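Below: one structure, written as structure tokens.
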Amino acid sequence: GDLKTMAVKLTEKSMEVLNYEKDNGGRVSIPEITAALGRPSDRSTGANVTDLQKKELVVREKVEIEGADKPVTYVVLTDEGKAWAPDAE
């Protein structure tokens with residue numbers, strides 16, 4: 001098949017998350033992404049992260065933080081995520 005048809009299609013919201021990651025070193029916590037993009041909740045950000053994860057553009061990394069109730073989830077770009085471009089020709 002033609003490679004172009006294999007291009008990953010992302011929703012606008014997933015793309016926002018991916019672009020934010022790329023602009024901020026490729027390792028950002030979900031709460032930071034939520035705040036930066038003005039999302040209603042970490043859950044809505046998480047849904048986009050799951051979408052990106054299914055496409056192997058990011059991985060989740062849970063980090064225990066001293067004094068925090070629960071681990072903070074970081075979103076880390078994969079090599080595919082770093083290389084991803086919206087309209088790669």
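Letters A, B, ... go to the chains of the structure tokens in the order shown; residues in each chain start at 1; ligands are counted from 1 in the same order.
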
Using backbone DSSP assignments, extract all helix (DSSP H, G or I) residues from chain A; output them as a PDB file with all heavy atoms, in the first residue's frame.
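File written: part.pdb
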ATOM      1  N   LEU A   3       2.307   4.499   1.345  1.00  0.00           N
ATOM      2  CA  LEU A   3       2.633   4.939   2.700  1.00  0.00           C
ATOM      3  C   LEU A   3       1.796   6.129   3.140  1.00  0.00           C
ATOM      4  O   LEU A   3       1.489   6.280   4.308  1.00  0.00           O
ATOM      5  CB  LEU A   3       4.111   5.317   2.795  1.00  0.00           C
ATOM      6  CG  LEU A   3       5.061   4.156   3.081  1.00  0.00           C
ATOM      7  CD1 LEU A   3       6.494   4.651   3.110  1.00  0.00           C
ATOM      8  CD2 LEU A   3       4.723   3.494   4.415  1.00  0.00           C
ATOM      9  N   LYS A   4       1.422   6.977   2.196  1.00  0.00           N
ATOM     10  CA  LYS A   4       0.664   8.172   2.574  1.00  0.00           C
ATOM     11  C   LYS A   4      -0.660   7.807   3.224  1.00  0.00           C
ATOM     12  O   LYS A   4      -1.122   8.495   4.116  1.00  0.00           O
ATOM     13  CB  LYS A   4       0.402   9.050   1.356  1.00  0.00           C
ATOM     14  CG  LYS A   4       1.619   9.843   0.975  1.00  0.00           C
ATOM     15  CD  LYS A   4       1.241  11.053   0.135  1.00  0.00           C
ATOM     16  CE  LYS A   4       2.493  11.796  -0.278  1.00  0.00           C
ATOM     17  NZ  LYS A   4       2.750  11.734  -1.706  1.00  0.00           N
ATOM     18  N   THR A   5      -1.265   6.707   2.789  1.00  0.00           N
ATOM     19  CA  THR A   5      -2.536   6.327   3.396  1.00  0.00           C
ATOM     20  C   THR A   5      -2.324   5.820   4.824  1.00  0.00           C
ATOM     21  O   THR A   5      -3.258   5.732   5.598  1.00  0.00           O
ATOM     22  CB  THR A   5      -3.249   5.231   2.580  1.00  0.00           C
ATOM     23  OG1 THR A   5      -2.386   4.095   2.503  1.00  0.00           O
ATOM     24  CG2 THR A   5      -3.576   5.712   1.181  1.00  0.00           C
ATOM     25  N   MET A   6      -1.059   5.517   5.163  1.00  0.00           N
ATOM     26  CA  MET A   6      -0.756   5.060   6.509  1.00  0.00           C
ATOM     27  C   MET A   6      -0.533   6.228   7.467  1.00  0.00           C
ATOM     28  O   MET A   6      -0.305   6.034   8.638  1.00  0.00           O
ATOM     29  CB  MET A   6       0.521   4.200   6.506  1.00  0.00           C
ATOM     30  CG  MET A   6       0.391   2.908   5.723  1.00  0.00           C
ATOM     31  SD  MET A   6      -0.751   1.760   6.503  1.00  0.00           S
ATOM     32  CE  MET A   6       0.158   1.413   8.019  1.00  0.00           C
ATOM     33  N   GLU A  12      -8.045  17.172  16.378  1.00  0.00           N
ATOM     34  CA  GLU A  12      -7.463  18.473  16.693  1.00  0.00           C
ATOM     35  C   GLU A  12      -6.960  18.488  18.136  1.00  0.00           C
ATOM     36  O   GLU A  12      -5.888  18.997  18.437  1.00  0.00           O
ATOM     37  CB  GLU A  12      -8.548  19.540  16.489  1.00  0.00           C
ATOM     38  CG  GLU A  12      -7.991  20.934  16.375  1.00  0.00           C
ATOM     39  CD  GLU A  12      -9.079  21.944  16.021  1.00  0.00           C
ATOM     40  OE1 GLU A  12      -9.957  21.624  15.190  1.00  0.00           O
ATOM     41  OE2 GLU A  12      -9.039  23.030  16.610  1.00  0.00           O
ATOM     42  N   LYS A  13      -7.767  17.912  19.031  1.00  0.00           N
ATOM     43  CA  LYS A  13      -7.394  17.943  20.452  1.00  0.00           C
ATOM     44  C   LYS A  13      -6.167  17.082  20.742  1.00  0.00           C
ATOM     45  O   LYS A  13      -5.296  17.470  21.518  1.00  0.00           O
ATOM     46  CB  LYS A  13      -8.570  17.495  21.320  1.00  0.00           C
ATOM     47  CG  LYS A  13      -9.776  18.404  21.174  1.00  0.00           C
ATOM     48  CD  LYS A  13     -10.422  18.656  22.519  1.00  0.00           C
ATOM     49  CE  LYS A  13     -11.623  19.577  22.438  1.00  0.00           C
ATOM     50  NZ  LYS A  13     -11.252  20.978  22.500  1.00  0.00           N
ATOM     51  N   SER A  14      -6.094  15.910  20.106  1.00  0.00           N
ATOM     52  CA  SER A  14      -4.913  15.063  20.302  1.00  0.00           C
ATOM     53  C   SER A  14      -3.675  15.752  19.735  1.00  0.00           C
ATOM     54  O   SER A  14      -2.589  15.683  20.303  1.00  0.00           O
ATOM     55  CB  SER A  14      -5.112  13.709  19.630  1.00  0.00           C
ATOM     56  OG  SER A  14      -6.123  12.979  20.286  1.00  0.00           O
ATOM     57  N   MET A  15      -3.873  16.449  18.610  1.00  0.00           N
ATOM     58  CA  MET A  15      -2.756  17.153  17.992  1.00  0.00           C
ATOM     59  C   MET A  15      -2.250  18.275  18.897  1.00  0.00           C
ATOM     60  O   MET A  15      -1.049  18.497  19.008  1.00  0.00           O
ATOM     61  CB  MET A  15      -3.196  17.723  16.642  1.00  0.00           C
ATOM     62  CG  MET A  15      -2.044  17.890  15.685  1.00  0.00           C
ATOM     63  SD  MET A  15      -2.551  18.531  14.082  1.00  0.00           S
ATOM     64  CE  MET A  15      -3.678  17.300  13.513  1.00  0.00           C
ATOM     65  N   GLU A  16      -3.174  18.963  19.572  1.00  0.00           N
ATOM     66  CA  GLU A  16      -2.783  20.026  20.512  1.00  0.00           C
ATOM     67  C   GLU A  16      -1.883  19.451  21.605  1.00  0.00           C
ATOM     68  O   GLU A  16      -0.885  20.061  21.983  1.00  0.00           O
ATOM     69  CB  GLU A  16      -4.020  20.623  21.197  1.00  0.00           C
ATOM     70  CG  GLU A  16      -4.755  21.647  20.380  1.00  0.00           C
ATOM     71  CD  GLU A  16      -6.001  22.162  21.113  1.00  0.00           C
ATOM     72  OE1 GLU A  16      -6.240  21.766  22.278  1.00  0.00           O
ATOM     73  OE2 GLU A  16      -6.725  22.956  20.513  1.00  0.00           O
ATOM     74  N   VAL A  17      -2.279  18.283  22.110  1.00  0.00           N
ATOM     75  CA  VAL A  17      -1.491  17.646  23.168  1.00  0.00           C
ATOM     76  C   VAL A  17      -0.109  17.282  22.633  1.00  0.00           C
ATOM     77  O   VAL A  17       0.910  17.566  23.271  1.00  0.00           O
ATOM     78  CB  VAL A  17      -2.217  16.396  23.724  1.00  0.00           C
ATOM     79  CG1 VAL A  17      -1.307  15.622  24.675  1.00  0.00           C
ATOM     80  CG2 VAL A  17      -3.509  16.800  24.436  1.00  0.00           C
ATOM     81  N   LEU A  18      -0.071  16.683  21.447  1.00  0.00           N
ATOM     82  CA  LEU A  18       1.207  16.278  20.860  1.00  0.00           C
ATOM     83  C   LEU A  18       2.104  17.492  20.615  1.00  0.00           C
ATOM     84  O   LEU A  18       3.299  17.473  20.925  1.00  0.00           O
ATOM     85  CB  LEU A  18       0.963  15.525  19.547  1.00  0.00           C
ATOM     86  CG  LEU A  18       2.202  14.893  18.914  1.00  0.00           C
ATOM     87  CD1 LEU A  18       2.784  13.796  19.797  1.00  0.00           C
ATOM     88  CD2 LEU A  18       1.874  14.320  17.544  1.00  0.00           C
ATOM     89  N   ASN A  19       1.519  18.557  20.081  1.00  0.00           N
ATOM     90  CA  ASN A  19       2.313  19.761  19.810  1.00  0.00           C
ATOM     91  C   ASN A  19       2.834  20.387  21.096  1.00  0.00           C
ATOM     92  O   ASN A  19       3.968  20.857  21.156  1.00  0.00           O
ATOM     93  CB  ASN A  19       1.495  20.783  19.008  1.00  0.00           C
ATOM     94  CG  ASN A  19       1.337  20.347  17.560  1.00  0.00           C
ATOM     95  OD1 ASN A  19       2.180  19.646  17.023  1.00  0.00           O
ATOM     96  ND2 ASN A  19       0.251  20.749  16.933  1.00  0.00           N
ATOM     97  N   TYR A  20       1.998  20.373  22.139  1.00  0.00           N
ATOM     98  CA  TYR A  20       2.442  20.923  23.424  1.00  0.00           C
ATOM     99  C   TYR A  20       3.633  20.115  23.945  1.00  0.00           C
ATOM    100  O   TYR A  20       4.624  20.667  24.420  1.00  0.00           O
ATOM    101  CB  TYR A  20       1.296  20.929  24.447  1.00  0.00           C
ATOM    102  CG  TYR A  20       1.710  21.599  25.725  1.00  0.00           C
ATOM    103  CD1 TYR A  20       1.767  22.990  25.804  1.00  0.00           C
ATOM    104  CD2 TYR A  20       2.095  20.856  26.839  1.00  0.00           C
ATOM    105  CE1 TYR A  20       2.197  23.624  26.960  1.00  0.00           C
ATOM    106  CE2 TYR A  20       2.525  21.473  28.000  1.00  0.00           C
ATOM    107  CZ  TYR A  20       2.577  22.855  28.048  1.00  0.00           C
ATOM    108  OH  TYR A  20       3.022  23.480  29.193  1.00  0.00           O
ATOM    109  N   GLU A  21       3.528  18.801  23.834  1.00  0.00           N
ATOM    110  CA  GLU A  21       4.626  17.917  24.239  1.00  0.00           C
ATOM    111  C   GLU A  21       5.918  18.293  23.510  1.00  0.00           C
ATOM    112  O   GLU A  21       6.972  18.426  24.117  1.00  0.00           O
ATOM    113  CB  GLU A  21       4.292  16.473  23.828  1.00  0.00           C
ATOM    114  CG  GLU A  21       3.382  15.761  24.772  1.00  0.00           C
ATOM    115  CD  GLU A  21       4.128  15.262  25.988  1.00  0.00           C
ATOM    116  OE1 GLU A  21       5.247  14.753  25.876  1.00  0.00           O
ATOM    117  OE2 GLU A  21       3.572  15.397  27.074  1.00  0.00           O
ATOM    118  N   LYS A  22       5.792  18.425  22.189  1.00  0.00           N
ATOM    119  CA  LYS A  22       6.975  18.716  21.363  1.00  0.00           C
ATOM    120  C   LYS A  22       7.603  20.050  21.755  1.00  0.00           C
ATOM    121  O   LYS A  22       8.820  20.193  21.745  1.00  0.00           O
ATOM    122  CB  LYS A  22       6.581  18.781  19.885  1.00  0.00           C
ATOM    123  CG  LYS A  22       6.289  17.421  19.300  1.00  0.00           C
ATOM    124  CD  LYS A  22       6.007  17.560  17.814  1.00  0.00           C
ATOM    125  CE  LYS A  22       6.151  16.223  17.145  1.00  0.00           C
ATOM    126  NZ  LYS A  22       6.542  16.314  15.762  1.00  0.00           N
ATOM    127  N   ASP A  23       6.752  21.024  22.081  1.00  0.00           N
ATOM    128  CA  ASP A  23       7.251  22.361  22.409  1.00  0.00           C
ATOM    129  C   ASP A  23       7.820  22.439  23.819  1.00  0.00           C
ATOM    130  O   ASP A  23       8.428  23.429  24.190  1.00  0.00           O
ATOM    131  CB  ASP A  23       6.120  23.400  22.283  1.00  0.00           C
ATOM    132  CG  ASP A  23       5.678  23.570  20.837  1.00  0.00           C
ATOM    133  OD1 ASP A  23       6.423  23.150  19.931  1.00  0.00           O
ATOM    134  OD2 ASP A  23       4.578  24.115  20.622  1.00  0.00           O
ATOM    135  N   ILE A  30       0.331  15.192  32.860  1.00  0.00           N
ATOM    136  CA  ILE A  30      -1.049  15.419  32.403  1.00  0.00           C
ATOM    137  C   ILE A  30      -1.651  16.686  33.024  1.00  0.00           C
ATOM    138  O   ILE A  30      -2.239  17.497  32.304  1.00  0.00           O
ATOM    139  CB  ILE A  30      -1.913  14.159  32.622  1.00  0.00           C
ATOM    140  CG1 ILE A  30      -1.524  13.121  31.558  1.00  0.00           C
ATOM    141  CG2 ILE A  30      -3.411  14.492  32.556  1.00  0.00           C
ATOM    142  CD1 ILE A  30      -2.348  11.862  31.534  1.00  0.00           C
ATOM    143  N   PRO A  31      -1.490  16.919  34.352  1.00  0.00           N
ATOM    144  CA  PRO A  31      -2.054  18.171  34.894  1.00  0.00           C
ATOM    145  C   PRO A  31      -1.493  19.432  34.234  1.00  0.00           C
ATOM    146  O   PRO A  31      -2.213  20.409  34.041  1.00  0.00           O
ATOM    147  CB  PRO A  31      -1.665  18.118  36.380  1.00  0.00           C
ATOM    148  CG  PRO A  31      -1.454  16.664  36.670  1.00  0.00           C
ATOM    149  CD  PRO A  31      -0.950  16.043  35.398  1.00  0.00           C
ATOM    150  N   GLU A  32      -0.210  19.394  33.875  1.00  0.00           N
ATOM    151  CA  GLU A  32       0.395  20.566  33.222  1.00  0.00           C
ATOM    152  C   GLU A  32      -0.222  20.781  31.847  1.00  0.00           C
ATOM    153  O   GLU A  32      -0.529  21.920  31.453  1.00  0.00           O
ATOM    154  CB  GLU A  32       1.911  20.383  33.086  1.00  0.00           C
ATOM    155  CG  GLU A  32       2.574  21.613  32.471  1.00  0.00           C
ATOM    156  CD  GLU A  32       4.063  21.437  32.208  1.00  0.00           C
ATOM    157  OE1 GLU A  32       4.738  20.712  32.970  1.00  0.00           O
ATOM    158  OE2 GLU A  32       4.546  22.026  31.226  1.00  0.00           O
ATOM    159  N   ILE A  33      -0.426  19.690  31.107  1.00  0.00           N
ATOM    160  CA  ILE A  33      -1.040  19.803  29.778  1.00  0.00           C
ATOM    161  C   ILE A  33      -2.464  20.342  29.911  1.00  0.00           C
ATOM    162  O   ILE A  33      -2.873  21.249  29.173  1.00  0.00           O
ATOM    163  CB  ILE A  33      -1.063  18.430  29.068  1.00  0.00           C
ATOM    164  CG1 ILE A  33       0.373  17.935  28.806  1.00  0.00           C
ATOM    165  CG2 ILE A  33      -1.824  18.523  27.738  1.00  0.00           C
ATOM    166  CD1 ILE A  33       0.456  16.484  28.356  1.00  0.00           C
ATOM    167  N   THR A  34      -3.203  19.800  30.880  1.00  0.00           N
ATOM    168  CA  THR A  34      -4.582  20.239  31.107  1.00  0.00           C
ATOM    169  C   THR A  34      -4.640  21.742  31.350  1.00  0.00           C
ATOM    170  O   THR A  34      -5.445  22.457  30.743  1.00  0.00           O
ATOM    171  CB  THR A  34      -5.187  19.499  32.325  1.00  0.00           C
ATOM    172  OG1 THR A  34      -5.124  18.093  32.074  1.00  0.00           O
ATOM    173  CG2 THR A  34      -6.644  19.900  32.549  1.00  0.00           C
ATOM    174  N   ALA A  35      -3.756  22.223  32.238  1.00  0.00           N
ATOM    175  CA  ALA A  35      -3.741  23.652  32.576  1.00  0.00           C
ATOM    176  C   ALA A  35      -3.314  24.492  31.377  1.00  0.00           C
ATOM    177  O   ALA A  35      -3.936  25.514  31.059  1.00  0.00           O
ATOM    178  CB  ALA A  35      -2.797  23.895  33.757  1.00  0.00           C
ATOM    179  N   ALA A  36      -2.264  24.034  30.683  1.00  0.00           N
ATOM    180  CA  ALA A  36      -1.712  24.818  29.576  1.00  0.00           C
ATOM    181  C   ALA A  36      -2.701  24.946  28.424  1.00  0.00           C
ATOM    182  O   ALA A  36      -2.786  25.985  27.777  1.00  0.00           O
ATOM    183  CB  ALA A  36      -0.415  24.178  29.087  1.00  0.00           C
ATOM    184  N   LEU A  37      -3.457  23.882  28.178  1.00  0.00           N
ATOM    185  CA  LEU A  37      -4.378  23.896  27.045  1.00  0.00           C
ATOM    186  C   LEU A  37      -5.786  24.330  27.446  1.00  0.00           C
ATOM    187  O   LEU A  37      -6.692  24.367  26.622  1.00  0.00           O
ATOM    188  CB  LEU A  37      -4.427  22.504  26.386  1.00  0.00           C
ATOM    189  CG  LEU A  37      -3.097  21.999  25.803  1.00  0.00           C
ATOM    190  CD1 LEU A  37      -3.282  20.631  25.177  1.00  0.00           C
ATOM    191  CD2 LEU A  37      -2.520  22.968  24.778  1.00  0.00           C
ATOM    192  N   ASP A  42      -8.339  16.705  33.817  1.00  0.00           N
ATOM    193  CA  ASP A  42      -7.260  15.801  33.429  1.00  0.00           C
ATOM    194  C   ASP A  42      -7.819  14.627  32.637  1.00  0.00           C
ATOM    195  O   ASP A  42      -7.140  14.053  31.795  1.00  0.00           O
ATOM    196  CB  ASP A  42      -6.543  15.266  34.680  1.00  0.00           C
ATOM    197  CG  ASP A  42      -5.684  16.341  35.346  1.00  0.00           C
ATOM    198  OD1 ASP A  42      -5.454  17.395  34.718  1.00  0.00           O
ATOM    199  OD2 ASP A  42      -5.253  16.131  36.487  1.00  0.00           O
ATOM    200  N   ARG A  43      -9.064  14.277  32.922  1.00  0.00           N
ATOM    201  CA  ARG A  43      -9.677  13.143  32.227  1.00  0.00           C
ATOM    202  C   ARG A  43      -9.788  13.418  30.725  1.00  0.00           C
ATOM    203  O   ARG A  43      -9.566  12.526  29.908  1.00  0.00           O
ATOM    204  CB  ARG A  43     -11.053  12.869  32.828  1.00  0.00           C
ATOM    205  CG  ARG A  43     -11.719  11.654  32.232  1.00  0.00           C
ATOM    206  CD  ARG A  43     -12.888  11.228  33.088  1.00  0.00           C
ATOM    207  NE  ARG A  43     -12.406  10.716  34.365  1.00  0.00           N
ATOM    208  CZ  ARG A  43     -13.166  10.056  35.226  1.00  0.00           C
ATOM    209  NH1 ARG A  43     -14.431   9.850  34.969  1.00  0.00           N
ATOM    210  NH2 ARG A  43     -12.670   9.611  36.347  1.00  0.00           N
ATOM    211  N   SER A  44     -10.160  14.641  30.372  1.00  0.00           N
ATOM    212  CA  SER A  44     -10.281  14.952  28.934  1.00  0.00           C
ATOM    213  C   SER A  44      -8.903  14.914  28.267  1.00  0.00           C
ATOM    214  O   SER A  44      -8.761  14.439  27.142  1.00  0.00           O
ATOM    215  CB  SER A  44     -10.982  16.289  28.700  1.00  0.00           C
ATOM    216  OG  SER A  44     -10.191  17.361  29.151  1.00  0.00           O
ATOM    217  N   THR A  45      -7.892  15.394  28.984  1.00  0.00           N
ATOM    218  CA  THR A  45      -6.521  15.299  28.461  1.00  0.00           C
ATOM    219  C   THR A  45      -6.126  13.836  28.338  1.00  0.00           C
ATOM    220  O   THR A  45      -5.545  13.417  27.329  1.00  0.00           O
ATOM    221  CB  THR A  45      -5.532  16.013  29.410  1.00  0.00           C
ATOM    222  OG1 THR A  45      -5.937  17.360  29.576  1.00  0.00           O
ATOM    223  CG2 THR A  45      -4.115  15.975  28.853  1.00  0.00           C
ATOM    224  N   GLY A  46      -6.461  13.051  29.348  1.00  0.00           N
ATOM    225  CA  GLY A  46      -6.125  11.635  29.372  1.00  0.00           C
ATOM    226  C   GLY A  46      -6.689  10.884  28.182  1.00  0.00           C
ATOM    227  O   GLY A  46      -6.048   9.974  27.642  1.00  0.00           O
ATOM    228  N   ALA A  47      -7.883  11.271  27.756  1.00  0.00           N
ATOM    229  CA  ALA A  47      -8.500  10.620  26.593  1.00  0.00           C
ATOM    230  C   ALA A  47      -7.655  10.858  25.343  1.00  0.00           C
ATOM    231  O   ALA A  47      -7.453   9.959  24.525  1.00  0.00           O
ATOM    232  CB  ALA A  47      -9.920  11.139  26.386  1.00  0.00           C
ATOM    233  N   ASN A  48      -7.142  12.080  25.198  1.00  0.00           N
ATOM    234  CA  ASN A  48      -6.273  12.390  24.056  1.00  0.00           C
ATOM    235  C   ASN A  48      -4.959  11.633  24.164  1.00  0.00           C
ATOM    236  O   ASN A  48      -4.425  11.156  23.158  1.00  0.00           O
ATOM    237  CB  ASN A  48      -5.970  13.891  24.008  1.00  0.00           C
ATOM    238  CG  ASN A  48      -7.205  14.748  23.908  1.00  0.00           C
ATOM    239  OD1 ASN A  48      -7.269  15.804  24.522  1.00  0.00           O
ATOM    240  ND2 ASN A  48      -8.206  14.305  23.163  1.00  0.00           N
ATOM    241  N   VAL A  49      -4.448  11.523  25.381  1.00  0.00           N
ATOM    242  CA  VAL A  49      -3.196  10.792  25.587  1.00  0.00           C
ATOM    243  C   VAL A  49      -3.381   9.323  25.205  1.00  0.00           C
ATOM    244  O   VAL A  49      -2.523   8.728  24.551  1.00  0.00           O
ATOM    245  CB  VAL A  49      -2.720  10.929  27.051  1.00  0.00           C
ATOM    246  CG1 VAL A  49      -1.527  10.015  27.322  1.00  0.00           C
ATOM    247  CG2 VAL A  49      -2.352  12.376  27.349  1.00  0.00           C
ATOM    248  N   THR A  50      -4.529   8.751  25.572  1.00  0.00           N
ATOM    249  CA  THR A  50      -4.821   7.362  25.209  1.00  0.00           C
ATOM    250  C   THR A  50      -4.834   7.199  23.691  1.00  0.00           C
ATOM    251  O   THR A  50      -4.290   6.233  23.151  1.00  0.00           O
ATOM    252  CB  THR A  50      -6.166   6.925  25.816  1.00  0.00           C
ATOM    253  OG1 THR A  50      -6.062   7.024  27.239  1.00  0.00           O
ATOM    254  CG2 THR A  50      -6.510   5.488  25.443  1.00  0.00           C
ATOM    255  N   ASP A  51      -5.439   8.164  23.013  1.00  0.00           N
ATOM    256  CA  ASP A  51      -5.485   8.157  21.547  1.00  0.00           C
ATOM    257  C   ASP A  51      -4.060   8.160  20.979  1.00  0.00           C
ATOM    258  O   ASP A  51      -3.713   7.366  20.097  1.00  0.00           O
ATOM    259  CB  ASP A  51      -6.273   9.395  21.088  1.00  0.00           C
ATOM    260  CG  ASP A  51      -6.435   9.455  19.569  1.00  0.00           C
ATOM    261  OD1 ASP A  51      -6.677   8.401  18.954  1.00  0.00           O
ATOM    262  OD2 ASP A  51      -6.331  10.560  19.013  1.00  0.00           O
ATOM    263  N   LEU A  52      -3.216   9.046  21.508  1.00  0.00           N
ATOM    264  CA  LEU A  52      -1.832   9.146  21.043  1.00  0.00           C
ATOM    265  C   LEU A  52      -1.051   7.872  21.372  1.00  0.00           C
ATOM    266  O   LEU A  52      -0.198   7.433  20.602  1.00  0.00           O
ATOM    267  CB  LEU A  52      -1.143  10.354  21.694  1.00  0.00           C
ATOM    268  CG  LEU A  52      -1.694  11.722  21.295  1.00  0.00           C
ATOM    269  CD1 LEU A  52      -1.122  12.810  22.188  1.00  0.00           C
ATOM    270  CD2 LEU A  52      -1.414  12.040  19.837  1.00  0.00           C
ATOM    271  N   GLN A  53      -1.375   7.297  22.533  1.00  0.00           N
ATOM    272  CA  GLN A  53      -0.685   6.090  22.980  1.00  0.00           C
ATOM    273  C   GLN A  53      -1.012   4.917  22.056  1.00  0.00           C
ATOM    274  O   GLN A  53      -0.131   4.146  21.685  1.00  0.00           O
ATOM    275  CB  GLN A  53      -1.126   5.778  24.411  1.00  0.00           C
ATOM    276  CG  GLN A  53      -0.157   4.913  25.169  1.00  0.00           C
ATOM    277  CD  GLN A  53      -0.542   4.810  26.638  1.00  0.00           C
ATOM    278  OE1 GLN A  53      -1.576   5.281  27.078  1.00  0.00           O
ATOM    279  NE2 GLN A  53       0.315   4.171  27.400  1.00  0.00           N
ATOM    280  N   LYS A  54      -2.285   4.819  21.664  1.00  0.00           N
ATOM    281  CA  LYS A  54      -2.698   3.754  20.745  1.00  0.00           C
ATOM    282  C   LYS A  54      -1.955   3.856  19.424  1.00  0.00           C
ATOM    283  O   LYS A  54      -1.696   2.860  18.759  1.00  0.00           O
ATOM    284  CB  LYS A  54      -4.202   3.832  20.474  1.00  0.00           C
ATOM    285  CG  LYS A  54      -5.039   3.292  21.605  1.00  0.00           C
ATOM    286  CD  LYS A  54      -6.508   3.278  21.210  1.00  0.00           C
ATOM    287  CE  LYS A  54      -7.385   2.848  22.377  1.00  0.00           C
ATOM    288  NZ  LYS A  54      -8.640   3.617  22.417  1.00  0.00           N
ATOM    289  N   ASP A  79       9.920   7.991  19.804  1.00  0.00           N
ATOM    290  CA  ASP A  79      10.620   8.451  18.595  1.00  0.00           C
ATOM    291  C   ASP A  79       9.620   8.751  17.477  1.00  0.00           C
ATOM    292  O   ASP A  79       9.773   9.710  16.740  1.00  0.00           O
ATOM    293  CB  ASP A  79      11.634   7.404  18.124  1.00  0.00           C
ATOM    294  CG  ASP A  79      12.825   7.329  19.078  1.00  0.00           C
ATOM    295  OD1 ASP A  79      13.033   8.283  19.851  1.00  0.00           O
ATOM    296  OD2 ASP A  79      13.534   6.307  19.051  1.00  0.00           O
ATOM    297  N   GLU A  80       8.570   7.926  17.397  1.00  0.00           N
ATOM    298  CA  GLU A  80       7.523   8.171  16.393  1.00  0.00           C
ATOM    299  C   GLU A  80       6.845   9.511  16.665  1.00  0.00           C
ATOM    300  O   GLU A  80       6.543  10.266  15.748  1.00  0.00           O
ATOM    301  CB  GLU A  80       6.464   7.069  16.403  1.00  0.00           C
ATOM    302  CG  GLU A  80       6.893   5.770  15.764  1.00  0.00           C
ATOM    303  CD  GLU A  80       7.659   4.876  16.742  1.00  0.00           C
ATOM    304  OE1 GLU A  80       7.916   5.299  17.890  1.00  0.00           O
ATOM    305  OE2 GLU A  80       7.993   3.748  16.340  1.00  0.00           O
ATOM    306  N   GLY A  81       6.599   9.767  17.928  1.00  0.00           N
ATOM    307  CA  GLY A  81       5.957  11.031  18.302  1.00  0.00           C
ATOM    308  C   GLY A  81       6.816  12.219  17.947  1.00  0.00           C
ATOM    309  O   GLY A  81       6.332  13.236  17.453  1.00  0.00           O
ATOM    310  N   LYS A  82       8.123  12.092  18.206  1.00  0.00           N
ATOM    311  CA  LYS A  82       9.046  13.181  17.872  1.00  0.00           C
ATOM    312  C   LYS A  82       9.103  13.425  16.382  1.00  0.00           C
ATOM    313  O   LYS A  82       9.259  14.548  15.919  1.00  0.00           O
ATOM    314  CB  LYS A  82      10.456  12.864  18.387  1.00  0.00           C
ATOM    315  CG  LYS A  82      10.560  12.876  19.888  1.00  0.00           C
ATOM    316  CD  LYS A  82      11.974  12.557  20.347  1.00  0.00           C
ATOM    317  CE  LYS A  82      12.025  12.463  21.855  1.00  0.00           C
ATOM    318  NZ  LYS A  82      12.661  11.239  22.327  1.00  0.00           N
ATOM    319  N   ALA A  83       8.991  12.316  15.623  1.00  0.00           N
ATOM    320  CA  ALA A  83       9.126  12.419  14.161  1.00  0.00           C
ATOM    321  C   ALA A  83       7.820  12.799  13.473  1.00  0.00           C
ATOM    322  O   ALA A  83       7.808  13.188  12.317  1.00  0.00           O
ATOM    323  CB  ALA A  83       9.633  11.090  13.599  1.00  0.00           C
TER     324      ALA A  83
END

Residues flagged strand (DSSP E or B) by DSSP in chain A, as a short mmCIF file (atom, residue, chain, number, x, y, z; two decimals) with N, CA and C atoms, in the first residue's frame:
data_model
loop_
_atom_site.label_atom_id
_atom_site.label_comp_id
_atom_site.auth_asym_id
_atom_site.auth_seq_id
_atom_site.Cartn_x
_atom_site.Cartn_y
_atom_site.Cartn_z
N ARG A 27 8.30 15.63 27.60
CA ARG A 27 7.95 14.90 28.81
C ARG A 27 7.23 15.85 29.75
N VAL A 28 5.91 15.77 29.73
CA VAL A 28 5.08 16.73 30.45
C VAL A 28 4.01 15.97 31.23
N SER A 29 3.68 16.47 32.42
CA SER A 29 2.64 15.79 33.20
C SER A 29 1.26 16.12 32.65
N VAL A 58 3.13 8.39 21.99
CA VAL A 58 3.55 8.70 23.36
C VAL A 58 3.44 7.46 24.23
N VAL A 59 4.11 7.51 25.37
CA VAL A 59 3.91 6.50 26.42
C VAL A 59 3.61 7.24 27.71
N ARG A 60 2.90 6.54 28.60
CA ARG A 60 2.63 7.11 29.92
C ARG A 60 3.68 6.62 30.90
N GLU A 61 4.06 7.52 31.80
CA GLU A 61 5.03 7.16 32.83
C GLU A 61 4.49 7.67 34.17
N LYS A 62 4.21 6.75 35.08
CA LYS A 62 3.69 7.17 36.39
C LYS A 62 4.86 7.44 37.33
N VAL A 63 4.83 8.59 37.97
CA VAL A 63 5.92 8.99 38.85
C VAL A 63 5.37 9.22 40.25
N VAL A 72 1.86 10.92 39.75
CA VAL A 72 1.54 11.85 38.67
C VAL A 72 1.89 11.15 37.36
N THR A 73 0.99 11.24 36.39
CA THR A 73 1.26 10.63 35.10
C THR A 73 1.94 11.63 34.17
N TYR A 74 3.10 11.23 33.70
CA TYR A 74 3.80 12.02 32.69
C TYR A 74 3.56 11.41 31.34
N VAL A 75 3.51 12.26 30.33
CA VAL A 75 3.34 11.81 28.96
C VAL A 75 4.68 12.03 28.27
N VAL A 76 5.23 10.96 27.72
CA VAL A 76 6.57 11.01 27.15
C VAL A 76 6.49 10.68 25.66
N LEU A 77 7.07 11.55 24.84
CA LEU A 77 7.07 11.31 23.39
C LEU A 77 7.93 10.10 23.04
#

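Computed from the coordinates, the atom CA of Ser41 of chain A to atom CA of Asp69 of chain A distance equals 17.8 Å.
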
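We find atom CA of Lys55 of chain A and atom CA of Val8 of chain A to be spaced 7.4 Å apart.
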